[in-house]
>>> print(open('entry18.cif').read())   # mmCIF, C-alpha atoms; chains and numbers go by the auth columns
data_query
loop_
_atom_site.group_PDB
_atom_site.id
_atom_site.type_symbol
_atom_site.label_atom_id
_atom_site.label_comp_id
_atom_site.label_asym_id
_atom_site.label_seq_id
_atom_site.Cartn_x
_atom_site.Cartn_y
_atom_site.Cartn_z
_atom_site.B_iso_or_equiv
_atom_site.auth_seq_id
_atom_site.auth_asym_id
ATOM 1 C CA MET A 1 78.436 -67.997 64.577 0.00 1 A
ATOM 2 C CA ASP A 2 78.784 -71.549 63.307 0.00 2 A
ATOM 3 C CA ASN A 3 81.764 -72.117 60.962 0.00 3 A
ATOM 4 C CA ARG A 4 79.517 -73.966 58.511 0.00 4 A
ATOM 5 C CA GLN A 5 77.422 -70.813 58.076 0.00 5 A
ATOM 6 C CA VAL A 6 80.516 -68.739 57.328 0.00 6 A
ATOM 7 C CA ILE A 7 81.815 -71.265 54.800 0.00 7 A
ATOM 8 C CA GLY A 8 78.367 -71.641 53.254 0.00 8 A
ATOM 9 C CA SER A 9 77.976 -67.891 52.751 0.00 9 A
ATOM 10 C CA TRP A 10 81.489 -67.658 51.321 0.00 10 A
ATOM 11 C CA LEU A 11 80.801 -70.466 48.847 0.00 11 A
ATOM 12 C CA SER A 12 77.346 -69.149 47.983 0.00 12 A
ATOM 13 C CA GLY A 13 78.596 -65.650 47.274 0.00 13 A
ATOM 14 C CA PRO A 14 77.724 -62.188 48.527 0.00 14 A
ATOM 15 C CA ARG A 15 74.180 -62.216 47.123 0.00 15 A
ATOM 16 C CA ALA A 16 73.208 -65.344 49.070 0.00 16 A
ATOM 17 C CA ALA A 17 74.716 -63.893 52.238 0.00 17 A
ATOM 18 C CA ALA A 18 72.838 -60.611 51.755 0.00 18 A
ATOM 19 C CA GLU A 19 69.570 -62.462 51.088 0.00 19 A
ATOM 20 C CA GLU A 20 70.093 -64.458 54.289 0.00 20 A
ATOM 21 C CA MET A 21 70.351 -61.161 56.140 0.00 21 A
ATOM 22 C CA GLY A 22 67.010 -60.036 54.677 0.00 22 A
ATOM 23 C CA ALA A 23 67.936 -58.132 51.501 0.00 23 A
ATOM 24 C CA ASP A 24 65.399 -58.446 48.686 0.00 24 A
ATOM 25 C CA PHE A 25 66.894 -58.219 45.206 0.00 25 A
ATOM 26 C CA GLY A 26 63.740 -59.206 43.350 0.00 26 A
ATOM 27 C CA TYR A 27 63.868 -61.291 40.201 0.00 27 A
ATOM 28 C CA ARG A 28 66.098 -60.839 37.163 0.00 28 A
ATOM 29 C CA GLY A 29 64.686 -58.049 35.013 0.00 29 A
ATOM 30 C CA GLN A 30 62.419 -56.519 37.661 0.00 30 A
ATOM 31 C CA ARG A 31 64.397 -53.245 37.656 0.00 31 A
ATOM 32 C CA LEU A 32 63.936 -53.111 33.866 0.00 32 A
ATOM 33 C CA GLY A 33 60.172 -53.586 34.088 0.00 33 A
ATOM 34 C CA LEU A 34 60.261 -57.047 32.491 0.00 34 A
ATOM 35 C CA PRO A 35 58.070 -59.984 33.519 0.00 35 A
ATOM 36 C CA GLN A 36 59.487 -62.670 35.793 0.00 36 A
ATOM 37 C CA ASP A 37 58.664 -65.612 33.483 0.00 37 A
ATOM 38 C CA GLY A 38 57.566 -66.308 29.937 0.00 38 A
ATOM 39 C CA PRO A 39 57.847 -64.153 26.805 0.00 39 A
ATOM 40 C CA GLY A 40 59.608 -60.859 27.397 0.00 40 A
ATOM 41 C CA SER A 41 61.461 -62.032 30.501 0.00 41 A
ATOM 42 C CA VAL A 42 65.255 -61.926 30.777 0.00 42 A
ATOM 43 C CA ALA A 43 66.794 -64.780 28.794 0.00 43 A
ATOM 44 C CA PRO A 44 68.403 -67.555 30.844 0.00 44 A
ATOM 45 C CA LEU A 45 72.172 -67.933 30.600 0.00 45 A
ATOM 46 C CA GLY A 46 72.020 -71.497 29.244 0.00 46 A
ATOM 47 C CA ARG A 47 69.993 -70.444 26.222 0.00 47 A
ATOM 48 C CA ARG A 48 72.229 -67.452 25.631 0.00 48 A
ATOM 49 C CA PHE A 49 75.363 -69.616 25.628 0.00 49 A
ATOM 50 C CA GLY A 50 73.616 -72.159 23.381 0.00 50 A
ATOM 51 C CA ALA A 51 72.709 -69.421 20.904 0.00 51 A
ATOM 52 C CA LEU A 52 76.272 -68.115 20.921 0.00 52 A
ATOM 53 C CA PHE A 53 77.607 -71.628 20.278 0.00 53 A
ATOM 54 C CA ILE A 54 75.224 -72.104 17.318 0.00 54 A
ATOM 55 C CA ASP A 55 76.152 -68.719 15.835 0.00 55 A
ATOM 56 C CA TRP A 56 79.880 -69.292 16.299 0.00 56 A
ATOM 57 C CA ALA A 57 79.704 -72.766 14.722 0.00 57 A
ATOM 58 C CA ALA A 58 77.822 -71.342 11.722 0.00 58 A
ATOM 59 C CA CYS A 59 80.375 -68.528 11.355 0.00 59 A
ATOM 60 C CA MET A 60 83.255 -71.007 11.514 0.00 60 A
ATOM 61 C CA LEU A 61 81.649 -73.132 8.784 0.00 61 A
ATOM 62 C CA ILE A 62 81.050 -70.096 6.575 0.00 62 A
ATOM 63 C CA ALA A 63 84.587 -68.783 7.138 0.00 63 A
ATOM 64 C CA TYR A 64 86.172 -72.176 6.529 0.00 64 A
ATOM 65 C CA GLY A 65 84.138 -72.841 3.400 0.00 65 A
ATOM 66 C CA LEU A 66 84.238 -69.423 1.770 0.00 66 A
ATOM 67 C CA PHE A 67 87.329 -67.559 2.936 0.00 67 A
ATOM 68 C CA ALA A 68 89.943 -69.756 4.603 0.00 68 A
ATOM 69 C CA ARG A 69 90.640 -72.085 1.657 0.00 69 A
ATOM 70 C CA GLY A 70 91.222 -75.034 3.962 0.00 70 A
ATOM 71 C CA ASP A 71 93.408 -73.191 6.487 0.00 71 A
ATOM 72 C CA GLN A 72 91.920 -73.786 9.935 0.00 72 A
ATOM 73 C CA GLN A 73 93.934 -71.032 11.597 0.00 73 A
ATOM 74 C CA SER A 74 92.738 -68.322 9.248 0.00 74 A
ATOM 75 C CA ALA A 75 89.185 -69.669 9.483 0.00 75 A
ATOM 76 C CA GLY A 76 89.063 -68.505 13.111 0.00 76 A
ATOM 77 C CA ASN A 77 90.151 -65.009 12.117 0.00 77 A
ATOM 78 C CA TRP A 78 87.649 -64.865 9.273 0.00 78 A
ATOM 79 C CA ALA A 79 84.930 -66.170 11.599 0.00 79 A
ATOM 80 C CA LEU A 80 85.267 -63.017 13.729 0.00 80 A
ATOM 81 C CA GLY A 81 84.440 -60.867 10.710 0.00 81 A
ATOM 82 C CA VAL A 82 81.607 -63.154 9.641 0.00 82 A
ATOM 83 C CA PHE A 83 80.194 -63.046 13.186 0.00 83 A
ATOM 84 C CA LEU A 84 80.379 -59.241 13.215 0.00 84 A
ATOM 85 C CA VAL A 85 78.511 -58.918 9.921 0.00 85 A
ATOM 86 C CA LEU A 86 75.988 -61.651 10.779 0.00 86 A
ATOM 87 C CA SER A 87 75.207 -60.154 14.163 0.00 87 A
ATOM 88 C CA VAL A 88 74.908 -56.536 13.004 0.00 88 A
ATOM 89 C CA VAL A 89 72.718 -57.377 10.014 0.00 89 A
ATOM 90 C CA THR A 90 70.387 -59.847 11.721 0.00 90 A
ATOM 91 C CA VAL A 91 69.985 -58.125 15.104 0.00 91 A
ATOM 92 C CA THR A 92 69.399 -54.744 13.417 0.00 92 A
ATOM 93 C CA THR A 93 66.775 -56.136 11.034 0.00 93 A
ATOM 94 C CA VAL A 94 64.949 -58.952 12.857 0.00 94 A
ATOM 95 C CA GLY A 95 66.186 -58.582 16.439 0.00 95 A
ATOM 96 C CA SER A 96 68.037 -61.883 16.720 0.00 96 A
ATOM 97 C CA THR A 97 70.805 -63.918 15.169 0.00 97 A
ATOM 98 C CA PRO A 98 70.000 -67.374 13.761 0.00 98 A
ATOM 99 C CA GLY A 99 71.264 -68.995 16.974 0.00 99 A
ATOM 100 C CA LYS A 100 69.141 -66.708 19.123 0.00 100 A
ATOM 101 C CA ARG A 101 66.083 -67.437 16.980 0.00 101 A
ATOM 102 C CA ILE A 102 66.630 -71.202 17.316 0.00 102 A
ATOM 103 C CA CYS A 103 66.956 -70.803 21.095 0.00 103 A
ATOM 104 C CA GLY A 104 63.902 -68.550 21.319 0.00 104 A
ATOM 105 C CA LEU A 105 65.699 -65.301 22.173 0.00 105 A
ATOM 106 C CA ARG A 106 65.627 -61.723 20.976 0.00 106 A
ATOM 107 C CA VAL A 107 67.727 -58.611 21.637 0.00 107 A
ATOM 108 C CA ILE A 108 65.763 -55.450 22.400 0.00 108 A
ATOM 109 C CA ALA A 109 66.472 -51.996 23.784 0.00 109 A
ATOM 110 C CA GLN A 110 65.796 -51.424 27.486 0.00 110 A
ATOM 111 C CA ASP A 111 62.656 -49.487 26.599 0.00 111 A
ATOM 112 C CA GLY A 112 61.340 -52.401 24.506 0.00 112 A
ATOM 113 C CA SER A 113 62.050 -50.915 21.086 0.00 113 A
ATOM 114 C CA ARG A 114 64.387 -52.277 18.426 0.00 114 A
ATOM 115 C CA LEU A 115 68.095 -51.502 18.610 0.00 115 A
ATOM 116 C CA GLY A 116 69.571 -49.224 15.977 0.00 116 A
ATOM 117 C CA ALA A 117 72.569 -50.222 13.886 0.00 117 A
ATOM 118 C CA GLY A 118 75.024 -48.147 15.943 0.00 118 A
ATOM 119 C CA ARG A 119 74.035 -49.745 19.230 0.00 119 A
ATOM 120 C CA VAL A 120 74.078 -53.223 17.669 0.00 120 A
ATOM 121 C CA LEU A 121 77.569 -52.564 16.280 0.00 121 A
ATOM 122 C CA LEU A 122 78.792 -51.378 19.703 0.00 122 A
ATOM 123 C CA ARG A 123 77.233 -54.422 21.388 0.00 123 A
ATOM 124 C CA THR A 124 78.776 -56.842 18.887 0.00 124 A
ATOM 125 C CA VAL A 125 82.275 -55.339 19.042 0.00 125 A
ATOM 126 C CA LEU A 126 82.189 -55.525 22.855 0.00 126 A
ATOM 127 C CA LEU A 127 80.931 -59.111 22.645 0.00 127 A
ATOM 128 C CA LEU A 128 83.857 -60.018 20.373 0.00 128 A
ATOM 129 C CA LEU A 129 86.253 -58.587 22.963 0.00 129 A
ATOM 130 C CA VAL A 130 84.849 -61.308 25.309 0.00 130 A
ATOM 131 C CA ILE A 131 85.738 -59.688 28.657 0.00 131 A
ATOM 132 C CA PRO A 132 82.821 -57.185 28.688 0.00 132 A
ATOM 133 C CA ALA A 133 80.421 -60.081 28.106 0.00 133 A
ATOM 134 C CA LEU A 134 81.752 -61.849 31.219 0.00 134 A
ATOM 135 C CA VAL A 135 81.023 -58.930 33.571 0.00 135 A
ATOM 136 C CA TRP A 136 77.360 -59.245 34.631 0.00 136 A
ATOM 137 C CA ASP A 137 74.951 -57.215 36.690 0.00 137 A
ATOM 138 C CA ARG A 138 72.217 -58.603 38.921 0.00 138 A
ATOM 139 C CA ASP A 139 69.848 -58.807 35.934 0.00 139 A
ATOM 140 C CA SER A 140 72.329 -61.194 34.218 0.00 140 A
ATOM 141 C CA ARG A 141 73.178 -58.601 31.589 0.00 141 A
ATOM 142 C CA GLY A 142 76.733 -58.442 30.356 0.00 142 A
ATOM 143 C CA LEU A 143 78.622 -55.183 30.168 0.00 143 A
ATOM 144 C CA HIS A 144 78.192 -55.289 26.378 0.00 144 A
ATOM 145 C CA ASP A 145 74.393 -55.199 26.880 0.00 145 A
ATOM 146 C CA ARG A 146 74.534 -52.515 29.568 0.00 146 A
ATOM 147 C CA LEU A 147 76.699 -50.170 27.493 0.00 147 A
ATOM 148 C CA SER A 148 74.481 -50.584 24.430 0.00 148 A
ATOM 149 C CA ARG A 149 71.352 -50.302 26.642 0.00 149 A
ATOM 150 C CA ALA A 150 70.099 -53.671 25.424 0.00 150 A
ATOM 151 C CA VAL A 151 68.592 -56.754 27.024 0.00 151 A
ATOM 152 C CA GLN A 152 68.176 -60.319 25.748 0.00 152 A
ATOM 153 C CA VAL A 153 64.658 -61.624 26.291 0.00 153 A
ATOM 154 C CA ARG A 154 62.678 -64.765 25.599 0.00 154 A
ATOM 155 C CA ILE A 155 60.415 -64.764 22.567 0.00 155 A
#
>>> encode(input="entry18.cif", output="structure tokens")
Amino acid sequence: MDNRQVIGSWLSGPRAAAEEMGADFGYRGQRLGLPQDGPGSVAPLGRRFGALFIDWAACMLIAYGLFARGDQQSAGNWALGVFLVLSVVTVTTVGSTPGKRICGLRVIAQDGSRLGAGRVLLRTVLLLLVIPALVWDRDSRGLHDRLSRAVQVRI
């Protein structure tokens, strides 16, 4: 075997190496019964990070303006609470946070229904712990989405 192939598969990761050997993983969301493209398909990571950035910036502004009284350090702590409340209220009622709505995303249950308040609370607490959100499956769902049986889709 050529050394360039070995290095290429190592750099590309195990999925690329398995696909080279003939494994077919399908597209993101296929196992969940979602379409490959367009509305209802699994949300791309770039949009999801953009939505999170918008929501976090809004929470920081709210925390700084209403609760922190000019203290930047405490604004970050308050922003966690604001994010928790914002996420639980908006995802439970309309299915998306303001950032997700701006980016054209929605959070739904795996079966396509709306998430209940308990599952949204679990998802949000795990998201705030950060690490569960960084562990993904082959459908690009974080552990916080898997444990709450949720999926982020395009609107």
>>> resolve_selection(input="entry18.cif", expression="the PyMOL selection byres ((chain A and resi 81) around 12)", output="list in words")
Trp56, Cys59, Met60, Ile62, Ala63, Phe67, Ser74, Ala75, Gly76, Asn77, Trp78, Ala79, Leu80, Val82, Phe83, Leu84, Val85, Leu86, Ser87, Val88, Thr124, Val125 and Leu128 of chain A
>>> resolve_selection(input="entry18.cif", expression="the PyMOL selection byres ((chain A and resi 121) around 10)", output="VMD selection string")
chain A and resid 84 to 85 87 to 89 91 to 92 115 to 120 122 to 127 148
>>> write_last_selection(input="entry18.cif", atoms="C-alpha atoms", output="CSV table (one decimal), keeping the file's coordinate frame")
chain,number,residue,atom,x,y,z
A,84,LEU,CA,80.4,-59.2,13.2
A,85,VAL,CA,78.5,-58.9,9.9
A,87,SER,CA,75.2,-60.2,14.2
A,88,VAL,CA,74.9,-56.5,13.0
A,89,VAL,CA,72.7,-57.4,10.0
A,91,VAL,CA,70.0,-58.1,15.1
A,92,THR,CA,69.4,-54.7,13.4
A,115,LEU,CA,68.1,-51.5,18.6
A,116,GLY,CA,69.6,-49.2,16.0
A,117,ALA,CA,72.6,-50.2,13.9
A,118,GLY,CA,75.0,-48.1,15.9
A,119,ARG,CA,74.0,-49.7,19.2
A,120,VAL,CA,74.1,-53.2,17.7
A,122,LEU,CA,78.8,-51.4,19.7
A,123,ARG,CA,77.2,-54.4,21.4
A,124,THR,CA,78.8,-56.8,18.9
A,125,VAL,CA,82.3,-55.3,19.0
A,126,LEU,CA,82.2,-55.5,22.9
A,127,LEU,CA,80.9,-59.1,22.6
A,148,SER,CA,74.5,-50.6,24.4
>>> atom_distance(input="entry18.cif", atom1="atom CA of Arg28 of chain A", atom2="atom CA of Gln152 of chain A")
11.6 Å
>>> closest_residue(input="entry18.cif", among="A:Ala68, A:Val153, A:Leu143, A:Val130", to="Gly95 of chain A", atoms="all atoms listed in the file")
A:Val153
>>> axis_aligned_box(input="entry18.cif", around="segment 80-91 of chain A", padding_each_side="3 Å", output="AutoDock Vina command-line options")
--center_x 77.6 --center_y -59.8 --center_z 12.4 --size_x 21.3 --size_y 12.6 --size_z 11.5
>>> atom_distance(input="entry18.cif", atom1="atom CA of Gly33 of chain A", atom2="atom CA of Gly104 of chain A")
20.0 Å
>>> atom_distance(input="entry18.cif", atom1="atom CA of Gly29 of chain A", atom2="atom CA of Pro44 of chain A")
11.0 Å
>>> closest_residue(input="entry18.cif", among="A:Leu34, A:Leu52, A:Ile102, A:Ala58", to="Ala133 of chain A", atoms="all atoms listed in the file")
A:Leu52
>>> resolve_selection(input="entry18.cif", expression="the PyMOL selection byres ((chain A and resi 105) around 6)", output="ChimeraX atom specification")
/A:100-101,103-104,106,153-155
>>> write_last_selection(input="entry18.cif", atoms="C-alpha atoms", output="mmCIF file, in the frame of the given file")
data_model
loop_
_atom_site.group_PDB
_atom_site.id
_atom_site.type_symbol
_atom_site.label_atom_id
_atom_site.label_comp_id
_atom_site.auth_asym_id
_atom_site.auth_seq_id
_atom_site.Cartn_x
_atom_site.Cartn_y
_atom_site.Cartn_z
ATOM 1 C CA LYS A 100 69.141 -66.708 19.123
ATOM 2 C CA ARG A 101 66.083 -67.437 16.980
ATOM 3 C CA CYS A 103 66.956 -70.803 21.095
ATOM 4 C CA GLY A 104 63.902 -68.550 21.319
ATOM 5 C CA ARG A 106 65.627 -61.723 20.976
ATOM 6 C CA VAL A 153 64.658 -61.624 26.291
ATOM 7 C CA ARG A 154 62.678 -64.765 25.599
ATOM 8 C CA ILE A 155 60.415 -64.764 22.567
#
>>> closest_residue(input="entry18.cif", among="A:Arg149, A:Arg31, A:Arg69, A:Arg47", to="Arg114 of chain A", atoms="only C-alpha atoms")
A:Arg149
>>> residues_near_point(input="entry18.cif", point="(70.9, -54.5, 26.5)", cutoff="8 Å", atoms="all atoms listed in the file", output="VMD selection string")
chain A and resid 107 to 110 141 144 to 152
>>> residues_around(input="entry18.cif", residues="Ile54 of chain A", least_positions_apart="4", cutoff="8 Å", atoms="all atoms listed in the file", output="NGL selection string")
:A and (50 or 58 or 98-99)
